[in-house]
>>> print(open('work32.txt').read())   # compact mmCIF, N, CA and C atoms
# COMPACT_ATOMS: atom_id res chain seq x y z
N MET A 1 0.81 -1.20 0.00
CA MET A 1 0.00 0.00 0.00
C MET A 1 0.86 1.26 0.00
N ASP A 2 2.17 1.13 0.24
CA ASP A 2 3.02 2.31 0.34
C ASP A 2 3.07 3.09 -0.97
N LYS A 3 3.33 2.42 -2.08
CA LYS A 3 3.46 3.12 -3.36
C LYS A 3 2.11 3.43 -3.98
N THR A 4 1.04 2.77 -3.54
CA THR A 4 -0.26 3.01 -4.14
C THR A 4 -1.05 4.10 -3.42
N THR A 5 -0.58 4.57 -2.28
CA THR A 5 -1.26 5.64 -1.57
C THR A 5 -1.03 6.95 -2.32
N VAL A 6 -2.11 7.62 -2.66
CA VAL A 6 -2.02 8.87 -3.43
C VAL A 6 -1.74 10.01 -2.48
N LEU A 7 -0.60 10.65 -2.66
CA LEU A 7 -0.22 11.81 -1.87
C LEU A 7 -0.24 13.03 -2.78
N LYS A 8 -1.17 13.94 -2.52
CA LYS A 8 -1.29 15.15 -3.34
C LYS A 8 -0.77 16.32 -2.51
N PRO A 9 0.36 16.93 -2.90
CA PRO A 9 0.87 18.04 -2.10
C PRO A 9 -0.09 19.22 -2.11
N ARG A 10 -0.23 19.84 -0.97
CA ARG A 10 -1.12 20.99 -0.83
C ARG A 10 -0.24 22.23 -0.93
N LEU A 11 -0.27 22.89 -2.08
CA LEU A 11 0.60 24.03 -2.35
C LEU A 11 -0.17 25.33 -2.15
N SER A 12 0.14 26.01 -1.08
CA SER A 12 -0.45 27.32 -0.79
C SER A 12 0.61 28.17 -0.09
N GLU A 13 0.30 29.41 0.16
CA GLU A 13 1.26 30.28 0.84
C GLU A 13 1.55 29.79 2.25
N LYS A 14 0.53 29.32 2.93
CA LYS A 14 0.70 28.85 4.31
C LYS A 14 1.58 27.60 4.35
N THR A 15 1.32 26.64 3.46
CA THR A 15 2.11 25.42 3.48
C THR A 15 3.54 25.67 2.98
N PHE A 16 3.70 26.62 2.05
CA PHE A 16 5.03 26.98 1.59
C PHE A 16 5.84 27.59 2.73
N GLY A 17 5.20 28.41 3.54
CA GLY A 17 5.87 28.99 4.71
C GLY A 17 6.27 27.93 5.72
N LEU A 18 5.39 26.95 5.95
CA LEU A 18 5.72 25.85 6.86
C LEU A 18 6.92 25.06 6.36
N ALA A 19 6.96 24.83 5.06
CA ALA A 19 8.06 24.06 4.48
C ALA A 19 9.38 24.82 4.58
N GLN A 20 9.34 26.15 4.47
CA GLN A 20 10.56 26.94 4.52
C GLN A 20 11.06 27.14 5.95
N SER A 21 10.16 27.40 6.89
CA SER A 21 10.59 27.69 8.26
C SER A 21 10.88 26.41 9.05
N ARG A 22 10.00 25.45 8.95
CA ARG A 22 10.19 24.15 9.58
C ARG A 22 10.04 23.11 8.48
N THR A 23 10.62 21.97 8.66
CA THR A 23 10.53 20.95 7.60
C THR A 23 9.22 20.18 7.71
N VAL A 24 8.11 20.93 7.59
CA VAL A 24 6.77 20.35 7.65
C VAL A 24 6.12 20.50 6.28
N TYR A 25 5.66 19.39 5.72
CA TYR A 25 5.04 19.38 4.41
C TYR A 25 3.61 18.89 4.54
N VAL A 26 2.69 19.48 3.76
CA VAL A 26 1.26 19.16 3.88
C VAL A 26 0.81 18.44 2.62
N PHE A 27 0.08 17.33 2.82
CA PHE A 27 -0.45 16.53 1.72
C PHE A 27 -1.94 16.32 1.92
N ASP A 28 -2.69 16.27 0.81
CA ASP A 28 -4.07 15.80 0.82
C ASP A 28 -3.99 14.29 0.63
N VAL A 29 -4.60 13.54 1.54
CA VAL A 29 -4.52 12.08 1.49
C VAL A 29 -5.94 11.51 1.46
N PRO A 30 -6.09 10.25 1.04
CA PRO A 30 -7.40 9.61 1.09
C PRO A 30 -7.91 9.51 2.53
N THR A 31 -9.22 9.46 2.69
CA THR A 31 -9.81 9.49 4.03
C THR A 31 -9.66 8.17 4.78
N ASP A 32 -9.23 7.11 4.11
CA ASP A 32 -9.14 5.82 4.79
C ASP A 32 -7.73 5.45 5.23
N VAL A 33 -6.76 6.35 5.12
CA VAL A 33 -5.39 6.04 5.54
C VAL A 33 -5.13 6.56 6.94
N ASN A 34 -4.09 6.01 7.58
CA ASN A 34 -3.71 6.46 8.92
C ASN A 34 -2.28 7.00 8.89
N LYS A 35 -1.76 7.40 10.06
CA LYS A 35 -0.44 8.02 10.14
C LYS A 35 0.66 7.08 9.65
N HIS A 36 0.55 5.81 9.99
CA HIS A 36 1.60 4.86 9.65
C HIS A 36 1.71 4.66 8.13
N THR A 37 0.58 4.57 7.46
CA THR A 37 0.61 4.39 6.00
C THR A 37 1.09 5.65 5.30
N VAL A 38 0.75 6.82 5.82
CA VAL A 38 1.23 8.07 5.23
C VAL A 38 2.74 8.18 5.39
N ALA A 39 3.25 7.87 6.58
CA ALA A 39 4.69 7.93 6.83
C ALA A 39 5.44 6.96 5.93
N ALA A 40 4.92 5.75 5.77
CA ALA A 40 5.58 4.76 4.92
C ALA A 40 5.54 5.19 3.46
N ALA A 41 4.43 5.76 3.02
CA ALA A 41 4.30 6.19 1.62
C ALA A 41 5.25 7.34 1.31
N VAL A 42 5.35 8.32 2.20
CA VAL A 42 6.26 9.46 1.98
C VAL A 42 7.70 8.97 1.97
N ALA A 43 8.05 8.08 2.90
CA ALA A 43 9.42 7.59 2.98
C ALA A 43 9.82 6.81 1.73
N THR A 44 8.93 5.98 1.20
CA THR A 44 9.28 5.19 0.03
C THR A 44 9.22 5.98 -1.27
N GLN A 45 8.28 6.90 -1.40
CA GLN A 45 8.14 7.64 -2.65
C GLN A 45 9.20 8.72 -2.83
N PHE A 46 9.65 9.34 -1.72
CA PHE A 46 10.58 10.46 -1.83
C PHE A 46 11.95 10.18 -1.23
N ASP A 47 12.20 9.00 -0.70
CA ASP A 47 13.49 8.61 -0.10
C ASP A 47 13.94 9.59 0.98
N VAL A 48 13.06 9.86 1.94
CA VAL A 48 13.36 10.75 3.06
C VAL A 48 13.03 10.04 4.36
N THR A 49 13.49 10.61 5.48
CA THR A 49 13.19 10.06 6.79
C THR A 49 12.08 10.88 7.43
N VAL A 50 10.98 10.23 7.77
CA VAL A 50 9.83 10.90 8.37
C VAL A 50 9.96 10.85 9.89
N MET A 51 9.89 12.03 10.53
CA MET A 51 10.00 12.10 11.98
C MET A 51 8.62 12.03 12.65
N ALA A 52 7.62 12.71 12.07
CA ALA A 52 6.29 12.74 12.67
C ALA A 52 5.24 13.00 11.61
N VAL A 53 4.01 12.52 11.89
CA VAL A 53 2.87 12.76 11.01
C VAL A 53 1.68 13.17 11.86
N ASN A 54 1.07 14.29 11.53
CA ASN A 54 -0.16 14.72 12.17
C ASN A 54 -1.24 14.77 11.10
N ILE A 55 -2.44 14.31 11.46
CA ILE A 55 -3.53 14.24 10.49
C ILE A 55 -4.71 15.07 10.96
N VAL A 56 -5.33 15.80 10.01
CA VAL A 56 -6.49 16.62 10.29
C VAL A 56 -7.63 16.17 9.39
N ASN A 57 -8.77 15.85 9.99
CA ASN A 57 -9.98 15.52 9.24
C ASN A 57 -10.83 16.78 9.13
N SER A 58 -11.21 17.14 7.92
CA SER A 58 -12.06 18.31 7.70
C SER A 58 -13.38 17.83 7.12
N LYS A 59 -14.46 18.17 7.78
CA LYS A 59 -15.78 17.81 7.28
C LYS A 59 -16.15 18.74 6.12
N GLY A 60 -16.86 18.20 5.15
CA GLY A 60 -17.29 18.99 4.00
C GLY A 60 -18.35 20.00 4.40
N LYS A 61 -18.28 21.18 3.80
CA LYS A 61 -19.24 22.23 4.12
C LYS A 61 -20.54 22.01 3.36
N LYS A 62 -21.62 22.52 3.93
CA LYS A 62 -22.90 22.49 3.23
C LYS A 62 -22.92 23.60 2.18
N THR A 63 -23.52 23.31 1.03
CA THR A 63 -23.61 24.31 -0.02
C THR A 63 -25.06 24.48 -0.45
N ARG A 64 -25.37 25.67 -0.98
CA ARG A 64 -26.70 25.95 -1.52
C ARG A 64 -26.52 26.56 -2.89
N LEU A 65 -27.36 26.14 -3.80
CA LEU A 65 -27.30 26.62 -5.16
C LEU A 65 -28.71 26.95 -5.61
N ALA A 66 -28.91 28.11 -6.21
CA ALA A 66 -30.24 28.52 -6.65
C ALA A 66 -30.43 28.18 -8.11
N ARG A 67 -31.59 27.63 -8.43
CA ARG A 67 -31.93 27.34 -9.82
C ARG A 67 -32.63 28.53 -10.44
N LYS A 68 -32.92 28.43 -11.74
CA LYS A 68 -33.58 29.53 -12.44
C LYS A 68 -34.97 29.82 -11.88
N ASN A 69 -35.67 28.78 -11.47
CA ASN A 69 -37.02 29.01 -10.96
C ASN A 69 -37.02 29.49 -9.51
N GLY A 70 -35.84 29.66 -8.91
CA GLY A 70 -35.76 30.22 -7.58
C GLY A 70 -35.67 29.19 -6.47
N ARG A 71 -35.86 27.92 -6.80
CA ARG A 71 -35.80 26.89 -5.77
C ARG A 71 -34.34 26.57 -5.44
N ALA A 72 -34.01 26.45 -4.18
CA ALA A 72 -32.63 26.20 -3.76
C ALA A 72 -32.34 24.70 -3.73
N ILE A 73 -31.15 24.35 -4.13
CA ILE A 73 -30.69 22.96 -4.05
C ILE A 73 -29.60 22.92 -2.99
N THR A 74 -29.71 22.01 -2.06
CA THR A 74 -28.68 21.87 -1.04
C THR A 74 -27.78 20.71 -1.40
N GLY A 75 -26.53 20.86 -1.06
CA GLY A 75 -25.55 19.82 -1.32
C GLY A 75 -24.50 19.84 -0.24
N ARG A 76 -23.46 19.09 -0.47
CA ARG A 76 -22.39 19.01 0.51
C ARG A 76 -21.08 18.76 -0.22
N ARG A 77 -20.04 19.48 0.16
CA ARG A 77 -18.71 19.21 -0.37
C ARG A 77 -18.17 17.95 0.28
N SER A 78 -17.24 17.31 -0.37
CA SER A 78 -16.71 16.06 0.18
C SER A 78 -15.77 16.32 1.34
N ASP A 79 -15.67 15.35 2.24
CA ASP A 79 -14.76 15.44 3.38
C ASP A 79 -13.32 15.30 2.88
N THR A 80 -12.39 15.97 3.58
CA THR A 80 -10.98 15.90 3.20
C THR A 80 -10.14 15.51 4.40
N LYS A 81 -8.96 15.02 4.11
CA LYS A 81 -8.01 14.65 5.15
C LYS A 81 -6.65 15.21 4.75
N LYS A 82 -6.03 15.96 5.68
CA LYS A 82 -4.71 16.54 5.43
C LYS A 82 -3.70 15.89 6.35
N ALA A 83 -2.51 15.64 5.81
CA ALA A 83 -1.42 15.07 6.61
C ALA A 83 -0.28 16.07 6.68
N TYR A 84 0.12 16.44 7.90
CA TYR A 84 1.27 17.31 8.12
C TYR A 84 2.45 16.40 8.43
N VAL A 85 3.41 16.33 7.50
CA VAL A 85 4.54 15.40 7.62
C VAL A 85 5.79 16.19 7.97
N THR A 86 6.43 15.83 9.09
CA THR A 86 7.68 16.45 9.52
C THR A 86 8.83 15.54 9.12
N LEU A 87 9.80 16.12 8.40
CA LEU A 87 10.96 15.36 7.95
C LEU A 87 12.15 15.61 8.85
N LYS A 88 13.15 14.75 8.70
CA LYS A 88 14.40 14.89 9.45
C LYS A 88 15.08 16.19 9.05
N GLU A 89 15.76 16.82 9.98
CA GLU A 89 16.41 18.10 9.74
C GLU A 89 17.39 18.00 8.57
N GLY A 90 17.30 18.95 7.64
CA GLY A 90 18.19 18.97 6.49
C GLY A 90 17.61 18.32 5.25
N GLN A 91 16.53 17.57 5.37
CA GLN A 91 15.91 16.94 4.21
C GLN A 91 14.75 17.80 3.73
N LYS A 92 14.51 17.77 2.41
CA LYS A 92 13.40 18.53 1.87
C LYS A 92 12.86 17.85 0.63
N LEU A 93 11.67 18.28 0.22
CA LEU A 93 11.02 17.74 -0.96
C LEU A 93 11.14 18.73 -2.10
N PRO A 94 11.29 18.25 -3.34
CA PRO A 94 11.61 19.16 -4.45
C PRO A 94 10.50 20.12 -4.84
N PHE A 95 9.24 19.76 -4.67
CA PHE A 95 8.17 20.64 -5.15
C PHE A 95 7.86 21.76 -4.18
N PHE A 96 8.50 21.81 -3.01
CA PHE A 96 8.31 22.92 -2.07
C PHE A 96 9.53 23.85 -2.07
N ASP A 97 10.48 23.67 -3.03
CA ASP A 97 11.64 24.54 -3.11
C ASP A 97 11.24 25.93 -3.58
N GLU A 98 12.09 26.90 -3.28
CA GLU A 98 11.83 28.26 -3.76
C GLU A 98 12.03 28.30 -5.26
N PRO A 99 11.15 28.98 -5.98
CA PRO A 99 11.33 29.05 -7.43
C PRO A 99 12.54 29.90 -7.79
N GLU A 100 13.26 29.48 -8.84
CA GLU A 100 14.42 30.24 -9.29
C GLU A 100 13.94 31.48 -10.04
N THR A 101 14.69 32.56 -9.91
CA THR A 101 14.31 33.79 -10.58
C THR A 101 14.80 33.76 -12.02
N ASP A 102 14.13 34.49 -12.87
CA ASP A 102 14.50 34.57 -14.28
C ASP A 102 15.60 35.61 -14.42
N LYS A 103 16.77 35.19 -14.91
CA LYS A 103 17.91 36.09 -15.01
C LYS A 103 17.69 37.18 -16.06
N LYS A 104 17.03 36.83 -17.17
CA LYS A 104 16.77 37.84 -18.19
C LYS A 104 15.84 38.93 -17.67
N ALA A 105 14.84 38.54 -16.92
CA ALA A 105 13.91 39.52 -16.37
C ALA A 105 14.63 40.43 -15.37
N ASP A 106 15.56 39.86 -14.59
CA ASP A 106 16.32 40.67 -13.64
C ASP A 106 17.19 41.69 -14.37
N LYS A 107 17.80 41.28 -15.48
CA LYS A 107 18.64 42.20 -16.24
C LYS A 107 17.82 43.33 -16.84
N LYS A 108 16.63 43.00 -17.37
CA LYS A 108 15.76 44.04 -17.95
C LYS A 108 15.34 45.04 -16.89
N ALA A 109 15.00 44.55 -15.70
CA ALA A 109 14.60 45.43 -14.62
C ALA A 109 15.76 46.33 -14.20
N ALA A 110 16.97 45.80 -14.20
CA ALA A 110 18.14 46.60 -13.83
C ALA A 110 18.41 47.69 -14.87
N LYS A 111 18.23 47.36 -16.16
CA LYS A 111 18.42 48.36 -17.21
C LYS A 111 17.39 49.46 -17.11
N LYS A 112 16.14 49.14 -16.80
CA LYS A 112 15.10 50.16 -16.65
C LYS A 112 15.42 51.10 -15.51
N GLU A 113 15.97 50.53 -14.42
CA GLU A 113 16.32 51.36 -13.26
C GLU A 113 17.45 52.30 -13.61
N GLU A 114 18.41 51.84 -14.43
CA GLU A 114 19.54 52.68 -14.81
C GLU A 114 19.10 53.86 -15.68
N LYS A 115 18.10 53.62 -16.55
CA LYS A 115 17.60 54.67 -17.43
C LYS A 115 16.89 55.77 -16.66
N LYS A 116 16.29 55.45 -15.56
CA LYS A 116 15.55 56.46 -14.77
C LYS A 116 16.48 57.32 -14.05
>>> encode(input="work32.txt", output="structure tokens")
Amino acid sequence: MDKTTVLKPRLSEKTFGLAQSRTVYVFDVPTDVNKHTVAAAVATQFDVTVMAVNIVNSKGKKTRLARKNGRAITGRRSDTKKAYVTLKEGQKLPFFDEPETDKKADKKAAKKEEKK
């Protein structure tokens, strides 16, 4: 089950900050997995050492949608599960790295500043 567990990285400003300040990475995981399977899946898929895993269950919110005739339809978003994975100090995952800057764009910006 280690390689078949789907780990979807949750890329947002908050999770990017967690990854930069502390080695904590956030994944969206299936609702039927536990901490042990998440830790094993991360360790085998990315060749890193997992120190800790915390899991958060989020219930789906209720939604309302109005039709043309004015009658409301109620629904529900699906439940989600997030895993906060802490790695060993010094290890990191490639998709949470800082993006490299474009050197050509930096040169153009420097030339514009010189002209002013």
>>> select_by_dssp(input="work32.txt", residues="chain A", states="strand (DSSP E or B)", output="JSON, numbers by chain")
{"A": [8, 9, 24, 25, 26, 27, 28, 29, 50, 51, 52, 53, 54, 55, 56, 57, 58, 62, 63, 64, 65, 66, 72, 73, 74, 75, 76, 80, 81, 82, 83, 84, 85, 86, 87]}
>>> write_last_selection(input="work32.txt", atoms="N, CA and C atoms", output="CSV table (one decimal), in the coordinates of the input")
chain,number,residue,atom,x,y,z
A,8,LYS,N,-1.2,13.9,-2.5
A,8,LYS,CA,-1.3,15.2,-3.3
A,8,LYS,C,-0.8,16.3,-2.5
A,9,PRO,N,0.4,16.9,-2.9
A,9,PRO,CA,0.9,18.0,-2.1
A,9,PRO,C,-0.1,19.2,-2.1
A,24,VAL,N,8.1,20.9,7.6
A,24,VAL,CA,6.8,20.4,7.6
A,24,VAL,C,6.1,20.5,6.3
A,25,TYR,N,5.7,19.4,5.7
A,25,TYR,CA,5.0,19.4,4.4
A,25,TYR,C,3.6,18.9,4.5
A,26,VAL,N,2.7,19.5,3.8
A,26,VAL,CA,1.3,19.2,3.9
A,26,VAL,C,0.8,18.4,2.6
A,27,PHE,N,0.1,17.3,2.8
A,27,PHE,CA,-0.4,16.5,1.7
A,27,PHE,C,-1.9,16.3,1.9
A,28,ASP,N,-2.7,16.3,0.8
A,28,ASP,CA,-4.1,15.8,0.8
A,28,ASP,C,-4.0,14.3,0.6
A,29,VAL,N,-4.6,13.5,1.5
A,29,VAL,CA,-4.5,12.1,1.5
A,29,VAL,C,-5.9,11.5,1.5
A,50,VAL,N,11.0,10.2,7.8
A,50,VAL,CA,9.8,10.9,8.4
A,50,VAL,C,10.0,10.8,9.9
A,51,MET,N,9.9,12.0,10.5
A,51,MET,CA,10.0,12.1,12.0
A,51,MET,C,8.6,12.0,12.6
A,52,ALA,N,7.6,12.7,12.1
A,52,ALA,CA,6.3,12.7,12.7
A,52,ALA,C,5.2,13.0,11.6
A,53,VAL,N,4.0,12.5,11.9
A,53,VAL,CA,2.9,12.8,11.0
A,53,VAL,C,1.7,13.2,11.9
A,54,ASN,N,1.1,14.3,11.5
A,54,ASN,CA,-0.2,14.7,12.2
A,54,ASN,C,-1.2,14.8,11.1
A,55,ILE,N,-2.4,14.3,11.5
A,55,ILE,CA,-3.5,14.2,10.5
A,55,ILE,C,-4.7,15.1,11.0
A,56,VAL,N,-5.3,15.8,10.0
A,56,VAL,CA,-6.5,16.6,10.3
A,56,VAL,C,-7.6,16.2,9.4
A,57,ASN,N,-8.8,15.8,10.0
A,57,ASN,CA,-10.0,15.5,9.2
A,57,ASN,C,-10.8,16.8,9.1
A,58,SER,N,-11.2,17.1,7.9
A,58,SER,CA,-12.1,18.3,7.7
A,58,SER,C,-13.4,17.8,7.1
A,62,LYS,N,-21.6,22.5,3.9
A,62,LYS,CA,-22.9,22.5,3.2
A,62,LYS,C,-22.9,23.6,2.2
A,63,THR,N,-23.5,23.3,1.0
A,63,THR,CA,-23.6,24.3,0.0
A,63,THR,C,-25.1,24.5,-0.4
A,64,ARG,N,-25.4,25.7,-1.0
A,64,ARG,CA,-26.7,26.0,-1.5
A,64,ARG,C,-26.5,26.6,-2.9
A,65,LEU,N,-27.4,26.1,-3.8
A,65,LEU,CA,-27.3,26.6,-5.2
A,65,LEU,C,-28.7,27.0,-5.6
A,66,ALA,N,-28.9,28.1,-6.2
A,66,ALA,CA,-30.2,28.5,-6.6
A,66,ALA,C,-30.4,28.2,-8.1
A,72,ALA,N,-34.0,26.4,-4.2
A,72,ALA,CA,-32.6,26.2,-3.8
A,72,ALA,C,-32.3,24.7,-3.7
A,73,ILE,N,-31.2,24.4,-4.1
A,73,ILE,CA,-30.7,23.0,-4.0
A,73,ILE,C,-29.6,22.9,-3.0
A,74,THR,N,-29.7,22.0,-2.1
A,74,THR,CA,-28.7,21.9,-1.0
A,74,THR,C,-27.8,20.7,-1.4
A,75,GLY,N,-26.5,20.9,-1.1
A,75,GLY,CA,-25.6,19.8,-1.3
A,75,GLY,C,-24.5,19.8,-0.2
A,76,ARG,N,-23.5,19.1,-0.5
A,76,ARG,CA,-22.4,19.0,0.5
A,76,ARG,C,-21.1,18.8,-0.2
A,80,THR,N,-12.4,16.0,3.6
A,80,THR,CA,-11.0,15.9,3.2
A,80,THR,C,-10.1,15.5,4.4
A,81,LYS,N,-9.0,15.0,4.1
A,81,LYS,CA,-8.0,14.6,5.2
A,81,LYS,C,-6.6,15.2,4.8
A,82,LYS,N,-6.0,16.0,5.7
A,82,LYS,CA,-4.7,16.5,5.4
A,82,LYS,C,-3.7,15.9,6.4
A,83,ALA,N,-2.5,15.6,5.8
A,83,ALA,CA,-1.4,15.1,6.6
A,83,ALA,C,-0.3,16.1,6.7
A,84,TYR,N,0.1,16.4,7.9
A,84,TYR,CA,1.3,17.3,8.1
A,84,TYR,C,2.4,16.4,8.4
A,85,VAL,N,3.4,16.3,7.5
A,85,VAL,CA,4.5,15.4,7.6
A,85,VAL,C,5.8,16.2,8.0
A,86,THR,N,6.4,15.8,9.1
A,86,THR,CA,7.7,16.4,9.5
A,86,THR,C,8.8,15.5,9.1
A,87,LEU,N,9.8,16.1,8.4
A,87,LEU,CA,11.0,15.4,8.0
A,87,LEU,C,12.2,15.6,8.8
>>> atom_distance(input="work32.txt", atom1="CA of Ala39 (chain A)", atom2="CA of Val85 (chain A)")
7.5 Å
>>> residues_around(input="work32.txt", residues="region 52-65 of chain A", least_positions_apart="4", cutoff="8 Å", atoms="only C-alpha atoms", output="list in words")
Thr31, Asn34, Lys35, Val38, Ala39, Ala72, Ile73, Thr74, Gly75, Arg76, Arg77, Ser78, Asp79, Thr80, Lys81, Lys82, Ala83, Tyr84, Val85, Thr86 and Leu87 of chain A
>>> atom_distance(input="work32.txt", atom1="atom N of Thr15 (chain A)", atom2="atom N of Lys92 (chain A)")
15.9 Å
>>> atom_distance(input="work32.txt", atom1="CA of Glu13 (chain A)", atom2="atom N of Val26 (chain A)")
11.3 Å
>>> select_by_dssp(input="work32.txt", residues="region 9-115 of chain A", states="alpha helix (DSSP H)", output="MDAnalysis selection string")
chainID A and resid 13:21 35:46 103:115
>>> closest_residue(input="work32.txt", among="A:Glu114, A:Asp106, A:Glu89, A:Asp28", to="Leu7 (chain A)", atoms="all atoms listed in the file")
A:Asp28
